[in-house]
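Next comes data-v4.cif, with mmCIF, C-alpha atoms.
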data_target
loop_
_atom_site.label_atom_id
_atom_site.label_comp_id
_atom_site.auth_asym_id
_atom_site.auth_seq_id
_atom_site.Cartn_x
_atom_site.Cartn_y
_atom_site.Cartn_z
CA MET Q 14 0.50 17.56 -23.35
CA ALA Q 15 -0.60 17.68 -19.72
CA LYS Q 16 -0.38 20.37 -17.09
CA VAL Q 17 2.06 19.04 -14.49
CA ALA Q 18 3.39 20.17 -11.12
CA PHE Q 19 6.59 18.87 -9.54
CA ILE Q 20 7.29 19.39 -5.85
CA GLY Q 21 10.81 18.79 -4.54
CA LEU Q 22 13.87 19.58 -6.63
CA GLY Q 23 16.67 17.62 -5.01
CA VAL Q 24 19.26 15.57 -6.88
CA MET Q 25 16.46 13.31 -8.13
CA GLY Q 26 13.54 15.70 -8.55
CA PHE Q 27 15.39 18.43 -10.47
CA PRO Q 28 16.25 16.23 -13.48
CA MET Q 29 12.99 14.26 -13.27
CA ALA Q 30 10.99 17.46 -13.56
CA GLY Q 31 13.25 18.44 -16.44
CA HIS Q 32 12.43 15.25 -18.34
CA LEU Q 33 8.71 15.89 -17.88
CA LYS Q 34 9.25 19.24 -19.60
CA THR Q 35 11.77 18.32 -22.32
CA LYS Q 36 11.03 14.68 -23.12
CA GLY Q 37 7.38 14.61 -22.13
CA GLY Q 38 6.59 18.03 -23.58
CA HIS Q 39 4.38 18.92 -20.62
CA ASP Q 40 3.62 22.32 -19.14
CA VAL Q 41 5.50 22.08 -15.82
CA THR Q 42 5.31 24.22 -12.69
CA VAL Q 43 7.70 23.47 -9.82
CA TYR Q 44 7.96 24.14 -6.11
CA ASN Q 45 10.95 23.76 -3.83
CA ARG Q 46 11.51 24.77 -0.21
CA THR Q 47 14.49 26.81 -1.42
CA PRO Q 48 12.91 29.26 -3.89
CA ALA Q 49 16.26 29.88 -5.62
CA LYS Q 50 16.40 26.26 -6.75
CA ALA Q 51 12.88 26.46 -8.18
CA ALA Q 52 13.83 29.68 -9.98
CA ALA Q 53 16.97 28.02 -11.37
CA TRP Q 54 14.92 25.09 -12.64
CA ALA Q 55 12.36 27.40 -14.26
CA GLU Q 56 15.12 29.34 -16.02
CA LYS Q 57 16.95 26.22 -17.22
CA PHE Q 58 13.86 24.45 -18.55
CA SER Q 59 11.67 27.44 -19.49
CA GLY Q 60 9.06 26.35 -16.95
CA HIS Q 61 7.27 28.02 -14.06
CA ALA Q 62 7.92 28.26 -10.31
CA ALA Q 63 5.28 28.66 -7.61
CA PRO Q 64 5.65 29.93 -4.02
CA THR Q 65 3.69 27.07 -2.37
CA PRO Q 66 2.86 23.45 -3.18
CA ALA Q 67 -0.84 24.33 -3.36
CA GLU Q 68 -0.21 27.04 -5.95
CA ALA Q 69 2.05 24.76 -7.97
CA ALA Q 70 -0.67 22.10 -7.98
CA ALA Q 71 -3.53 24.44 -8.90
CA GLY Q 72 -5.10 23.28 -12.15
CA ALA Q 73 -2.53 20.54 -12.72
CA ASP Q 74 -3.58 17.22 -14.24
CA PHE Q 75 -0.70 15.40 -12.50
CA VAL Q 76 1.20 16.48 -9.39
CA PHE Q 77 4.53 14.78 -8.67
CA VAL Q 78 6.27 14.83 -5.31
CA CYS Q 79 9.85 13.81 -4.53
CA VAL Q 80 10.97 14.80 -1.04
CA GLY Q 81 12.92 13.31 1.87
CA ASN Q 82 10.68 11.31 4.20
CA ASP Q 83 7.17 10.76 5.56
CA GLU Q 84 6.98 14.06 7.43
CA ASP Q 85 8.31 16.05 4.48
CA LEU Q 86 5.70 14.33 2.34
CA ARG Q 87 2.86 15.21 4.69
CA SER Q 88 4.11 18.79 4.85
CA VAL Q 89 3.99 19.37 1.08
CA THR Q 90 0.73 17.48 0.50
CA SER Q 91 -1.58 17.73 3.52
CA SER Q 92 -0.55 20.89 5.36
CA GLU Q 93 -2.34 24.23 5.01
CA ASN Q 94 -0.47 25.11 1.79
CA GLY Q 95 -0.03 21.50 0.68
CA ALA Q 96 -0.64 20.23 -2.82
CA LEU Q 97 -3.91 18.48 -1.99
CA HIS Q 98 -5.46 21.86 -1.17
CA GLY Q 99 -4.70 23.13 -4.65
CA MET Q 100 -5.60 20.04 -6.67
CA THR Q 101 -8.84 19.71 -8.58
CA PRO Q 102 -11.07 16.61 -8.62
CA GLY Q 103 -9.94 14.05 -11.16
CA SER Q 104 -6.27 15.01 -10.98
CA VAL Q 105 -3.58 12.56 -9.87
CA LEU Q 106 -1.01 12.89 -7.09
CA ILE Q 107 2.09 10.78 -7.83
CA ASP Q 108 4.60 10.35 -5.01
CA ASN Q 109 8.17 9.47 -6.02
CA THR Q 110 9.48 9.75 -2.46
CA THR Q 111 10.86 6.62 -0.82
CA ALA Q 112 8.57 6.56 2.19
CA SER Q 113 6.55 4.14 4.29
CA ALA Q 114 3.66 2.08 2.97
CA GLU Q 115 1.64 3.53 5.84
CA VAL Q 116 1.93 7.12 4.60
CA ALA Q 117 1.11 5.96 1.07
CA ARG Q 118 -2.17 4.45 2.27
CA GLU Q 119 -2.84 7.57 4.34
CA LEU Q 120 -2.39 9.86 1.32
CA TYR Q 121 -4.46 7.56 -0.87
CA ALA Q 122 -7.37 7.98 1.55
CA ALA Q 123 -6.83 11.75 1.94
CA ALA Q 124 -6.76 12.19 -1.83
CA LYS Q 125 -9.94 10.18 -2.32
CA GLU Q 126 -11.74 12.46 0.14
CA LYS Q 127 -10.99 15.37 -2.18
CA GLY Q 128 -11.90 13.49 -5.36
CA VAL Q 129 -8.22 13.18 -6.27
CA ASP Q 130 -6.38 9.99 -7.22
CA PHE Q 131 -3.06 8.85 -5.73
CA ILE Q 132 -0.19 6.60 -6.78
CA ASP Q 133 2.85 5.80 -4.66
CA ALA Q 134 5.71 5.54 -7.14
CA PRO Q 135 9.16 5.30 -5.53
CA VAL Q 136 12.06 5.03 -7.94
CA SER Q 137 15.33 3.14 -8.26
CA GLY Q 138 18.34 4.05 -10.35
CA GLY Q 139 19.95 6.82 -8.35
CA GLN Q 140 21.04 10.26 -9.46
CA ALA Q 141 22.47 8.96 -12.73
CA GLY Q 142 19.18 7.22 -13.53
CA ALA Q 143 17.27 10.42 -12.83
CA GLU Q 144 19.61 12.53 -14.96
CA ASN Q 145 19.44 10.07 -17.86
CA GLY Q 146 15.68 9.49 -17.57
CA ILE Q 147 16.06 5.73 -17.06
CA LEU Q 148 14.61 5.15 -13.59
CA THR Q 149 12.70 2.07 -12.50
CA VAL Q 150 9.34 3.11 -11.03
CA MET Q 151 7.39 0.83 -8.66
CA CYS Q 152 3.76 1.87 -8.35
CA GLY Q 153 0.89 1.23 -5.98
CA GLY Q 154 -2.68 2.32 -6.62
CA ASP Q 155 -5.74 1.74 -8.78
CA GLU Q 156 -5.13 0.17 -12.19
CA ALA Q 157 -7.19 2.67 -14.16
CA VAL Q 158 -5.36 5.60 -12.55
CA PHE Q 159 -2.01 3.92 -13.19
CA GLU Q 160 -2.84 3.54 -16.88
CA ARG Q 161 -3.64 7.26 -17.08
CA ALA Q 162 -0.42 8.23 -15.31
CA ARG Q 163 1.97 5.79 -16.96
CA PRO Q 164 2.52 7.73 -20.22
CA VAL Q 165 3.49 10.78 -18.16
CA ILE Q 166 5.79 8.84 -15.82
CA ASP Q 167 7.48 7.33 -18.89
CA ALA Q 168 9.28 10.66 -19.44
CA TYR Q 169 11.83 9.82 -16.73
CA ALA Q 170 11.62 6.02 -16.65
CA ARG Q 171 12.72 2.93 -18.53
CA MET Q 172 10.57 0.56 -16.45
CA VAL Q 173 7.22 1.34 -14.85
CA GLY Q 174 5.13 -1.33 -13.14
CA LEU Q 175 1.97 -1.52 -11.04
CA MET Q 176 2.70 -3.71 -8.01
CA GLY Q 177 -0.75 -3.71 -6.40
CA PRO Q 178 -2.94 -1.39 -4.31
CA ALA Q 179 -1.74 1.76 -2.53
CA GLY Q 180 1.45 1.09 -0.57
CA SER Q 181 2.60 -1.70 -2.87
CA GLY Q 182 5.08 0.55 -4.65
CA GLN Q 183 6.72 1.44 -1.35
CA LEU Q 184 6.80 -2.21 -0.27
CA THR Q 185 8.48 -3.12 -3.57
CA LYS Q 186 11.08 -0.39 -3.04
CA MET Q 187 11.78 -1.97 0.35
CA VAL Q 188 12.45 -5.30 -1.38
CA ASN Q 189 14.80 -3.43 -3.72
CA GLN Q 190 16.75 -1.90 -0.85
CA ILE Q 191 17.02 -5.24 0.96
CA CYS Q 192 18.60 -6.70 -2.17
CA ILE Q 193 21.02 -3.81 -2.57
CA ALA Q 194 22.16 -3.88 1.06
CA GLY Q 195 23.11 -7.55 0.90
CA LEU Q 196 24.72 -7.26 -2.54
CA VAL Q 197 26.92 -4.30 -1.62
CA GLN Q 198 28.09 -5.94 1.61
CA GLY Q 199 28.91 -9.13 -0.29
CA LEU Q 200 30.81 -7.17 -2.94
CA ALA Q 201 32.70 -5.19 -0.29
CA GLU Q 202 33.77 -8.37 1.49
CA ALA Q 203 34.77 -10.02 -1.81
CA LEU Q 204 36.98 -7.09 -2.88
CA HIS Q 205 38.46 -6.84 0.61
CA PHE Q 206 39.28 -10.55 0.59
CA GLY Q 207 40.72 -10.42 -2.93
CA LYS Q 208 43.00 -7.51 -2.08
CA ARG Q 209 44.21 -9.21 1.09
CA ALA Q 210 44.90 -12.34 -0.95
CA GLY Q 211 47.11 -10.35 -3.30
CA LEU Q 212 44.91 -10.78 -6.36
CA ASP Q 213 44.56 -8.32 -9.23
CA ILE Q 214 41.03 -7.10 -8.56
CA GLU Q 215 40.43 -5.94 -12.13
CA LYS Q 216 41.34 -9.36 -13.50
CA VAL Q 217 39.21 -11.09 -10.88
CA VAL Q 218 36.14 -8.98 -11.63
CA GLU Q 219 36.62 -9.32 -15.37
CA VAL Q 220 36.23 -13.08 -14.97
CA ILE Q 221 33.67 -13.48 -12.21
CA SER Q 222 31.37 -10.71 -13.47
CA LYS Q 223 30.54 -12.93 -16.45
CA GLY Q 224 29.31 -15.70 -14.17
CA ALA Q 225 26.78 -16.17 -11.38
CA ALA Q 226 28.48 -13.56 -9.15
CA GLY Q 227 27.87 -10.74 -11.62
CA SER Q 228 25.59 -7.84 -10.65
CA TRP Q 229 24.87 -4.19 -11.41
CA GLN Q 230 26.80 -3.25 -8.28
CA MET Q 231 29.85 -5.21 -9.40
CA GLU Q 232 29.73 -3.80 -12.92
CA ASN Q 233 29.23 -0.18 -11.89
CA ARG Q 234 30.95 0.14 -8.53
CA HIS Q 235 33.93 -2.21 -8.30
CA LYS Q 236 36.43 0.21 -9.88
CA THR Q 237 35.57 3.13 -7.63
CA MET Q 238 35.47 0.86 -4.59
CA ASN Q 239 38.87 -0.55 -5.45
CA ALA Q 240 40.19 3.02 -5.77
CA GLY Q 241 38.68 4.04 -2.42
CA LYS Q 242 36.42 6.63 -4.03
CA TYR Q 243 32.86 6.90 -2.73
CA ASP Q 244 31.25 9.90 -4.38
CA PHE Q 245 29.27 8.18 -7.11
CA GLY Q 246 25.67 7.74 -6.07
CA PHE Q 247 23.12 7.13 -3.36
CA ALA Q 248 24.35 8.50 0.00
CA VAL Q 249 24.76 6.44 3.17
CA ASP Q 250 22.41 8.78 5.07
CA TRP Q 251 19.67 8.07 2.53
CA MET Q 252 20.27 4.33 2.65
CA ARG Q 253 19.99 4.31 6.43
CA LYS Q 254 16.70 6.18 6.15
CA ASP Q 255 15.44 3.58 3.69
CA LEU Q 256 16.64 0.62 5.76
CA GLY Q 257 14.96 2.14 8.80
CA ILE Q 258 11.68 2.07 6.88
CA VAL Q 259 12.37 -1.52 5.84
CA LEU Q 260 13.12 -2.71 9.37
CA THR Q 261 10.06 -0.94 10.79
CA GLU Q 262 7.84 -2.66 8.21
CA ALA Q 263 9.53 -6.00 8.94
CA ARG Q 264 8.70 -5.66 12.63
CA ARG Q 265 5.10 -5.01 11.61
CA ASN Q 266 4.72 -7.92 9.20
CA GLY Q 267 6.96 -10.42 11.00
CA ALA Q 268 9.61 -10.74 8.26
CA LYS Q 269 13.04 -11.85 9.48
CA LEU Q 270 15.84 -9.72 8.00
CA PRO Q 271 19.06 -10.58 9.86
CA VAL Q 272 21.44 -9.57 7.06
CA THR Q 273 19.63 -6.30 6.42
CA ALA Q 274 19.72 -5.44 10.12
CA VAL Q 275 23.46 -6.10 10.31
CA VAL Q 276 24.23 -4.11 7.15
CA ASP Q 277 22.21 -1.21 8.56
CA GLN Q 278 24.51 -1.27 11.59
CA PHE Q 279 27.53 -1.37 9.29
CA TYR Q 280 26.27 1.76 7.55
CA GLY Q 281 26.03 3.31 11.01
CA ASP Q 282 29.75 2.56 11.39
CA VAL Q 283 30.41 4.32 8.06
CA GLN Q 284 28.50 7.36 9.33
CA ALA Q 285 30.68 7.33 12.47
CA MET Q 286 33.71 7.43 10.16
CA GLY Q 287 32.36 10.65 8.62
CA GLY Q 288 30.94 8.91 5.56
CA ASN Q 289 27.39 10.24 5.77
CA ARG Q 290 27.48 11.53 2.20
CA TRP Q 291 29.63 8.74 0.76
CA ASP Q 292 27.78 6.44 -1.60
CA THR Q 293 26.52 3.06 -0.45
CA SER Q 294 29.55 1.19 -1.83
CA SER Q 295 31.55 2.69 1.07
CA LEU Q 296 30.92 -0.47 3.10
CA LEU Q 297 34.38 -1.43 1.83
CA ALA Q 298 35.91 1.56 3.64
CA ARG Q 299 34.62 0.15 6.92
CA LEU Q 300 36.48 -3.12 6.29
CA GLU Q 301 39.68 -1.34 5.32
CA LYS Q 302 39.86 1.28 8.04
#
What does the file become when written as structure tokens?
Amino acid sequence: MAKVAFIGLGVMGFPMAGHLKTKGGHDVTVYNRTPAKAAAWAEKFSGHAAPTPAEAAAGADFVFVCVGNDEDLRSVTSSENGALHGMTPGSVLIDNTTASAEVARELYAAAKEKGVDFIDAPVSGGQAGAENGILTVMCGGDEAVFERARPVIDAYARMVGLMGPAGSGQLTKMVNQICIAGLVQGLAEALHFGKRAGLDIEKVVEVISKGAAGSWQMENRHKTMNAGKYDFGFAVDWMRKDLGIVLTEARRNGAKLPVTAVVDQFYGDVQAMGGNRWDTSSLLARLEK
């Protein structure tokens, strides 16, 4: 059993911290900007809540963070009451936020200055993956540190991999989001075409999902898309944030991402339709409006 802190109890962080307590058997202290949510977590999982990130991190062997973006991440780690100011040498800061590779490298260096280790560890699998403890975790950092952290991360994951040095986890998550953006747009267009052609979508998917066109998105989203229901996962606002990170990195490294750029604009159209909190499969709604 390790002493663990978890900072950020959103739709992902709340159940992830819970798995660290229940499945991992660790002693967990949490922090959230809204104290009531931290108190609710502590009551549900018989854990502890702290008033600041630094106090949550004090004495912890592993400190997990799962917040919104780069600036949120800096605020809970590097600010006056940030986690790094409460961590002890030899402990490990593990960031599950989907953020930039730049901030990952920045935090790696800041942690090293304090004798602390750092792993960027963004996740894929959405809210359902977090709740079921079956996330995919893409890590960047030092191999020896990764091997120490992996058994702890396993509490909320079904796949954990070290992708390379600091920032590599975030870069891998960008690859993941590029794939998803193209797949969902392709699926949306296919369903839209099939419906316009007068086909029975369920019969079509039953057949083509067993061939080369099959995907997780098709298997898990086609029914709700066909029904015009878009409240089943990762929100459009979050996807646009992630694609913004992707496109910024692409401008830096010279990668050409024409499809990703167009799909990002399409998600902007969905936002204009009021679909900010719809899930990412709502690209179909844009075609059917």
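Distances to Met100 of chain Q were evaluated for Q:Lys127, Q:Lys242, Q:Lys57, Q:Arg253 using only C-alpha atoms, and the minimum falls at Q:Lys127.
Here the PyMOL selection byres ((chain Q and resi 101) around 9) matches the residues Ala70, Ala71, Gly72, Ala73, Asp74, Leu97, His98, Gly99, Met100, Pro102, Gly103, Ser104, Val105, Lys127, Gly128 and Val129 of chain Q.
Applied to this file, the PyMOL selection byres ((chain Q and resi 284-300) around 6) selects the residues Ala201, Tyr243, Asp244, Phe245, Gly246, Phe247, Ala248, Val249, Asp250, Gly281, Asp282, Val283, Glu301 and Lys302 of chain Q.
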TODO: Might you pull out every residue within 10 Å of Leu184 of chain Q, with only C-alpha atoms counted and same-chain residues fewer than 3 positions away left off, and present them as a VMD selection string?
DONE: chain Q and resid 111 to 115 133 135 151 to 153 176 to 177 179 to 181 187 to 190 258 to 259 262
- [ ] Kindly give the distance, in Å, that separates atom CA of Thr47 of chain Q and atom CA of Lys16 of chain Q, rounded to a single decimal.
- [x] 22.5 Å
TODO: Give as an MDAnalysis selection string each residue that has an atom at most 9 Å from (21.7, 9.1, -8.0) in the file, counting all atoms listed in the file.
DONE: chainID Q and resid 24:25 137:144 245:248
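You will find atom CA of Val116 of chain Q at 25.9 Å from atom CA of Ile147 of chain Q.
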Open item on the list: Need to verify the contact set: Val76 of chain Q, 12 Å, only C-alpha atoms, exclusion of same-chain residues closer than 4 positions in sequence. Can you return it as JSON, numbers by chain?
Closed with: {"Q": [15, 16, 17, 18, 19, 20, 21, 30, 33, 39, 40, 41, 42, 43, 44, 66, 67, 68, 69, 70, 71, 72, 89, 90, 95, 96, 97, 98, 99, 100, 101, 103, 104, 105, 106, 107, 108, 109, 124, 129, 130, 131, 132, 133, 162, 165, 166]}
Those same residues - C-alpha atoms - I'd like them written as an mmCIF file, in the coordinates of the input.
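Saved the output as result.cif:
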data_model
loop_
_atom_site.group_PDB
_atom_site.id
_atom_site.type_symbol
_atom_site.label_atom_id
_atom_site.label_comp_id
_atom_site.auth_asym_id
_atom_site.auth_seq_id
_atom_site.Cartn_x
_atom_site.Cartn_y
_atom_site.Cartn_z
ATOM 1 C CA ALA Q 15 -0.600 17.680 -19.720
ATOM 2 C CA LYS Q 16 -0.380 20.370 -17.090
ATOM 3 C CA VAL Q 17 2.060 19.040 -14.490
ATOM 4 C CA ALA Q 18 3.390 20.170 -11.120
ATOM 5 C CA PHE Q 19 6.590 18.870 -9.540
ATOM 6 C CA ILE Q 20 7.290 19.390 -5.850
ATOM 7 C CA GLY Q 21 10.810 18.790 -4.540
ATOM 8 C CA ALA Q 30 10.990 17.460 -13.560
ATOM 9 C CA LEU Q 33 8.710 15.890 -17.880
ATOM 10 C CA HIS Q 39 4.380 18.920 -20.620
ATOM 11 C CA ASP Q 40 3.620 22.320 -19.140
ATOM 12 C CA VAL Q 41 5.500 22.080 -15.820
ATOM 13 C CA THR Q 42 5.310 24.220 -12.690
ATOM 14 C CA VAL Q 43 7.700 23.470 -9.820
ATOM 15 C CA TYR Q 44 7.960 24.140 -6.110
ATOM 16 C CA PRO Q 66 2.860 23.450 -3.180
ATOM 17 C CA ALA Q 67 -0.840 24.330 -3.360
ATOM 18 C CA GLU Q 68 -0.210 27.040 -5.950
ATOM 19 C CA ALA Q 69 2.050 24.760 -7.970
ATOM 20 C CA ALA Q 70 -0.670 22.100 -7.980
ATOM 21 C CA ALA Q 71 -3.530 24.440 -8.900
ATOM 22 C CA GLY Q 72 -5.100 23.280 -12.150
ATOM 23 C CA VAL Q 89 3.990 19.370 1.080
ATOM 24 C CA THR Q 90 0.730 17.480 0.500
ATOM 25 C CA GLY Q 95 -0.030 21.500 0.680
ATOM 26 C CA ALA Q 96 -0.640 20.230 -2.820
ATOM 27 C CA LEU Q 97 -3.910 18.480 -1.990
ATOM 28 C CA HIS Q 98 -5.460 21.860 -1.170
ATOM 29 C CA GLY Q 99 -4.700 23.130 -4.650
ATOM 30 C CA MET Q 100 -5.600 20.040 -6.670
ATOM 31 C CA THR Q 101 -8.840 19.710 -8.580
ATOM 32 C CA GLY Q 103 -9.940 14.050 -11.160
ATOM 33 C CA SER Q 104 -6.270 15.010 -10.980
ATOM 34 C CA VAL Q 105 -3.580 12.560 -9.870
ATOM 35 C CA LEU Q 106 -1.010 12.890 -7.090
ATOM 36 C CA ILE Q 107 2.090 10.780 -7.830
ATOM 37 C CA ASP Q 108 4.600 10.350 -5.010
ATOM 38 C CA ASN Q 109 8.170 9.470 -6.020
ATOM 39 C CA ALA Q 124 -6.760 12.190 -1.830
ATOM 40 C CA VAL Q 129 -8.220 13.180 -6.270
ATOM 41 C CA ASP Q 130 -6.380 9.990 -7.220
ATOM 42 C CA PHE Q 131 -3.060 8.850 -5.730
ATOM 43 C CA ILE Q 132 -0.190 6.600 -6.780
ATOM 44 C CA ASP Q 133 2.850 5.800 -4.660
ATOM 45 C CA ALA Q 162 -0.420 8.230 -15.310
ATOM 46 C CA VAL Q 165 3.490 10.780 -18.160
ATOM 47 C CA ILE Q 166 5.790 8.840 -15.820
#
Task: Point-to-point distance in Å for atom CA of Cys79 of chain Q and atom CA of Gly60 of chain Q - done: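 Rounded to one decimal, the two atoms are 17.7 Å apart.
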Task: Long-range neighbours of Thr149 of chain Q as a ChimeraX atom specification, 7 Å cut-off, all atoms listed in the file, 4 positions minimum in chain - done: /Q:136-138,170-173
With a distance cut-off of 9 Å and all atoms listed in the file, select the neighbouring residues of segment 213-228 of chain Q, excluding the residue or stretch itself and same-chain residues fewer than 6 positions from it, and output the selection as a PDB file with C-alpha atoms, keeping the file's coordinate frame.
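The resulting file, part-v7.pdb, is shown below:
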ATOM      1  CA  LEU Q 196      24.720  -7.260  -2.540  1.00  0.00           C
ATOM      2  CA  LEU Q 204      36.980  -7.090  -2.880  1.00  0.00           C
ATOM      3  CA  GLY Q 207      40.720 -10.420  -2.930  1.00  0.00           C
ATOM      4  CA  HIS Q 235      33.930  -2.210  -8.300  1.00  0.00           C
ATOM      5  CA  LYS Q 236      36.430   0.210  -9.880  1.00  0.00           C
ATOM      6  CA  ASN Q 239      38.870  -0.550  -5.450  1.00  0.00           C
TER       7      ASN Q 239
END
TODO: Using only C-alpha atoms, pick whichever of Q:Thr273, Q:Asn45, Q:Ser88, Q:Asn233 has the shortest atom-to-atom distance to Gly23 of chain Q.
DONE: Q:Asn45
Can I get a file of segment 167-181 of chain Q from the given structure, N, CA and C atoms kept, as a PDB file, in the first residue's frame?
ATOM      1  N   ASP Q 167      -2.007   0.868 -12.448  1.00  0.00           N
ATOM      2  CA  ASP Q 167      -2.802  -0.296 -12.851  1.00  0.00           C
ATOM      3  C   ASP Q 167      -4.181  -0.334 -12.201  1.00  0.00           C
ATOM      4  N   ALA Q 168      -4.371   0.359 -11.088  1.00  0.00           N
ATOM      5  CA  ALA Q 168      -5.652   0.326 -10.376  1.00  0.00           C
ATOM      6  C   ALA Q 168      -6.798   0.852 -11.233  1.00  0.00           C
ATOM      7  N   TYR Q 169      -6.512   1.761 -12.171  1.00  0.00           N
ATOM      8  CA  TYR Q 169      -7.593   2.308 -12.999  1.00  0.00           C
ATOM      9  C   TYR Q 169      -7.369   2.061 -14.494  1.00  0.00           C
ATOM     10  N   ALA Q 170      -6.475   1.134 -14.830  1.00  0.00           N
ATOM     11  CA  ALA Q 170      -6.102   0.952 -16.230  1.00  0.00           C
ATOM     12  C   ALA Q 170      -6.186  -0.502 -16.664  1.00  0.00           C
ATOM     13  N   ARG Q 171      -6.369  -0.699 -17.964  1.00  0.00           N
ATOM     14  CA  ARG Q 171      -6.211  -2.036 -18.536  1.00  0.00           C
ATOM     15  C   ARG Q 171      -4.995  -2.094 -19.448  1.00  0.00           C
ATOM     16  N   MET Q 172      -4.470  -0.924 -19.840  1.00  0.00           N
ATOM     17  CA  MET Q 172      -3.262  -0.862 -20.650  1.00  0.00           C
ATOM     18  C   MET Q 172      -2.445   0.337 -20.217  1.00  0.00           C
ATOM     19  N   VAL Q 173      -1.186   0.095 -19.866  1.00  0.00           N
ATOM     20  CA  VAL Q 173      -0.274   1.166 -19.469  1.00  0.00           C
ATOM     21  C   VAL Q 173       1.025   0.972 -20.242  1.00  0.00           C
ATOM     22  N   GLY Q 174       1.471   2.007 -20.944  1.00  0.00           N
ATOM     23  CA  GLY Q 174       2.696   1.878 -21.713  1.00  0.00           C
ATOM     24  C   GLY Q 174       3.580   3.096 -21.604  1.00  0.00           C
ATOM     25  N   LEU Q 175       4.899   2.880 -21.603  1.00  0.00           N
ATOM     26  CA  LEU Q 175       5.870   3.979 -21.620  1.00  0.00           C
ATOM     27  C   LEU Q 175       6.220   4.269 -23.069  1.00  0.00           C
ATOM     28  N   MET Q 176       5.951   5.496 -23.511  1.00  0.00           N
ATOM     29  CA  MET Q 176       6.113   5.881 -24.909  1.00  0.00           C
ATOM     30  C   MET Q 176       7.466   6.515 -25.215  1.00  0.00           C
ATOM     31  N   GLY Q 177       8.175   6.955 -24.160  1.00  0.00           N
ATOM     32  CA  GLY Q 177       9.452   7.624 -24.364  1.00  0.00           C
ATOM     33  C   GLY Q 177       9.680   8.630 -23.252  1.00  0.00           C
ATOM     34  N   PRO Q 178      10.558   9.607 -23.464  1.00  0.00           N
ATOM     35  CA  PRO Q 178      10.857  10.600 -22.431  1.00  0.00           C
ATOM     36  C   PRO Q 178       9.681  11.530 -22.168  1.00  0.00           C
ATOM     37  N   ALA Q 179       9.852  12.418 -21.197  1.00  0.00           N
ATOM     38  CA  ALA Q 179       8.784  13.348 -20.809  1.00  0.00           C
ATOM     39  C   ALA Q 179       8.187  14.037 -22.031  1.00  0.00           C
ATOM     40  N   GLY Q 180       6.874  14.086 -22.073  1.00  0.00           N
ATOM     41  CA  GLY Q 180       6.144  14.662 -23.204  1.00  0.00           C
ATOM     42  C   GLY Q 180       5.636  13.618 -24.176  1.00  0.00           C
ATOM     43  N   SER Q 181       6.228  12.430 -24.151  1.00  0.00           N
ATOM     44  CA  SER Q 181       5.852  11.390 -25.111  1.00  0.00           C
ATOM     45  C   SER Q 181       4.447  10.855 -24.866  1.00  0.00           C
TER      46      SER Q 181
END
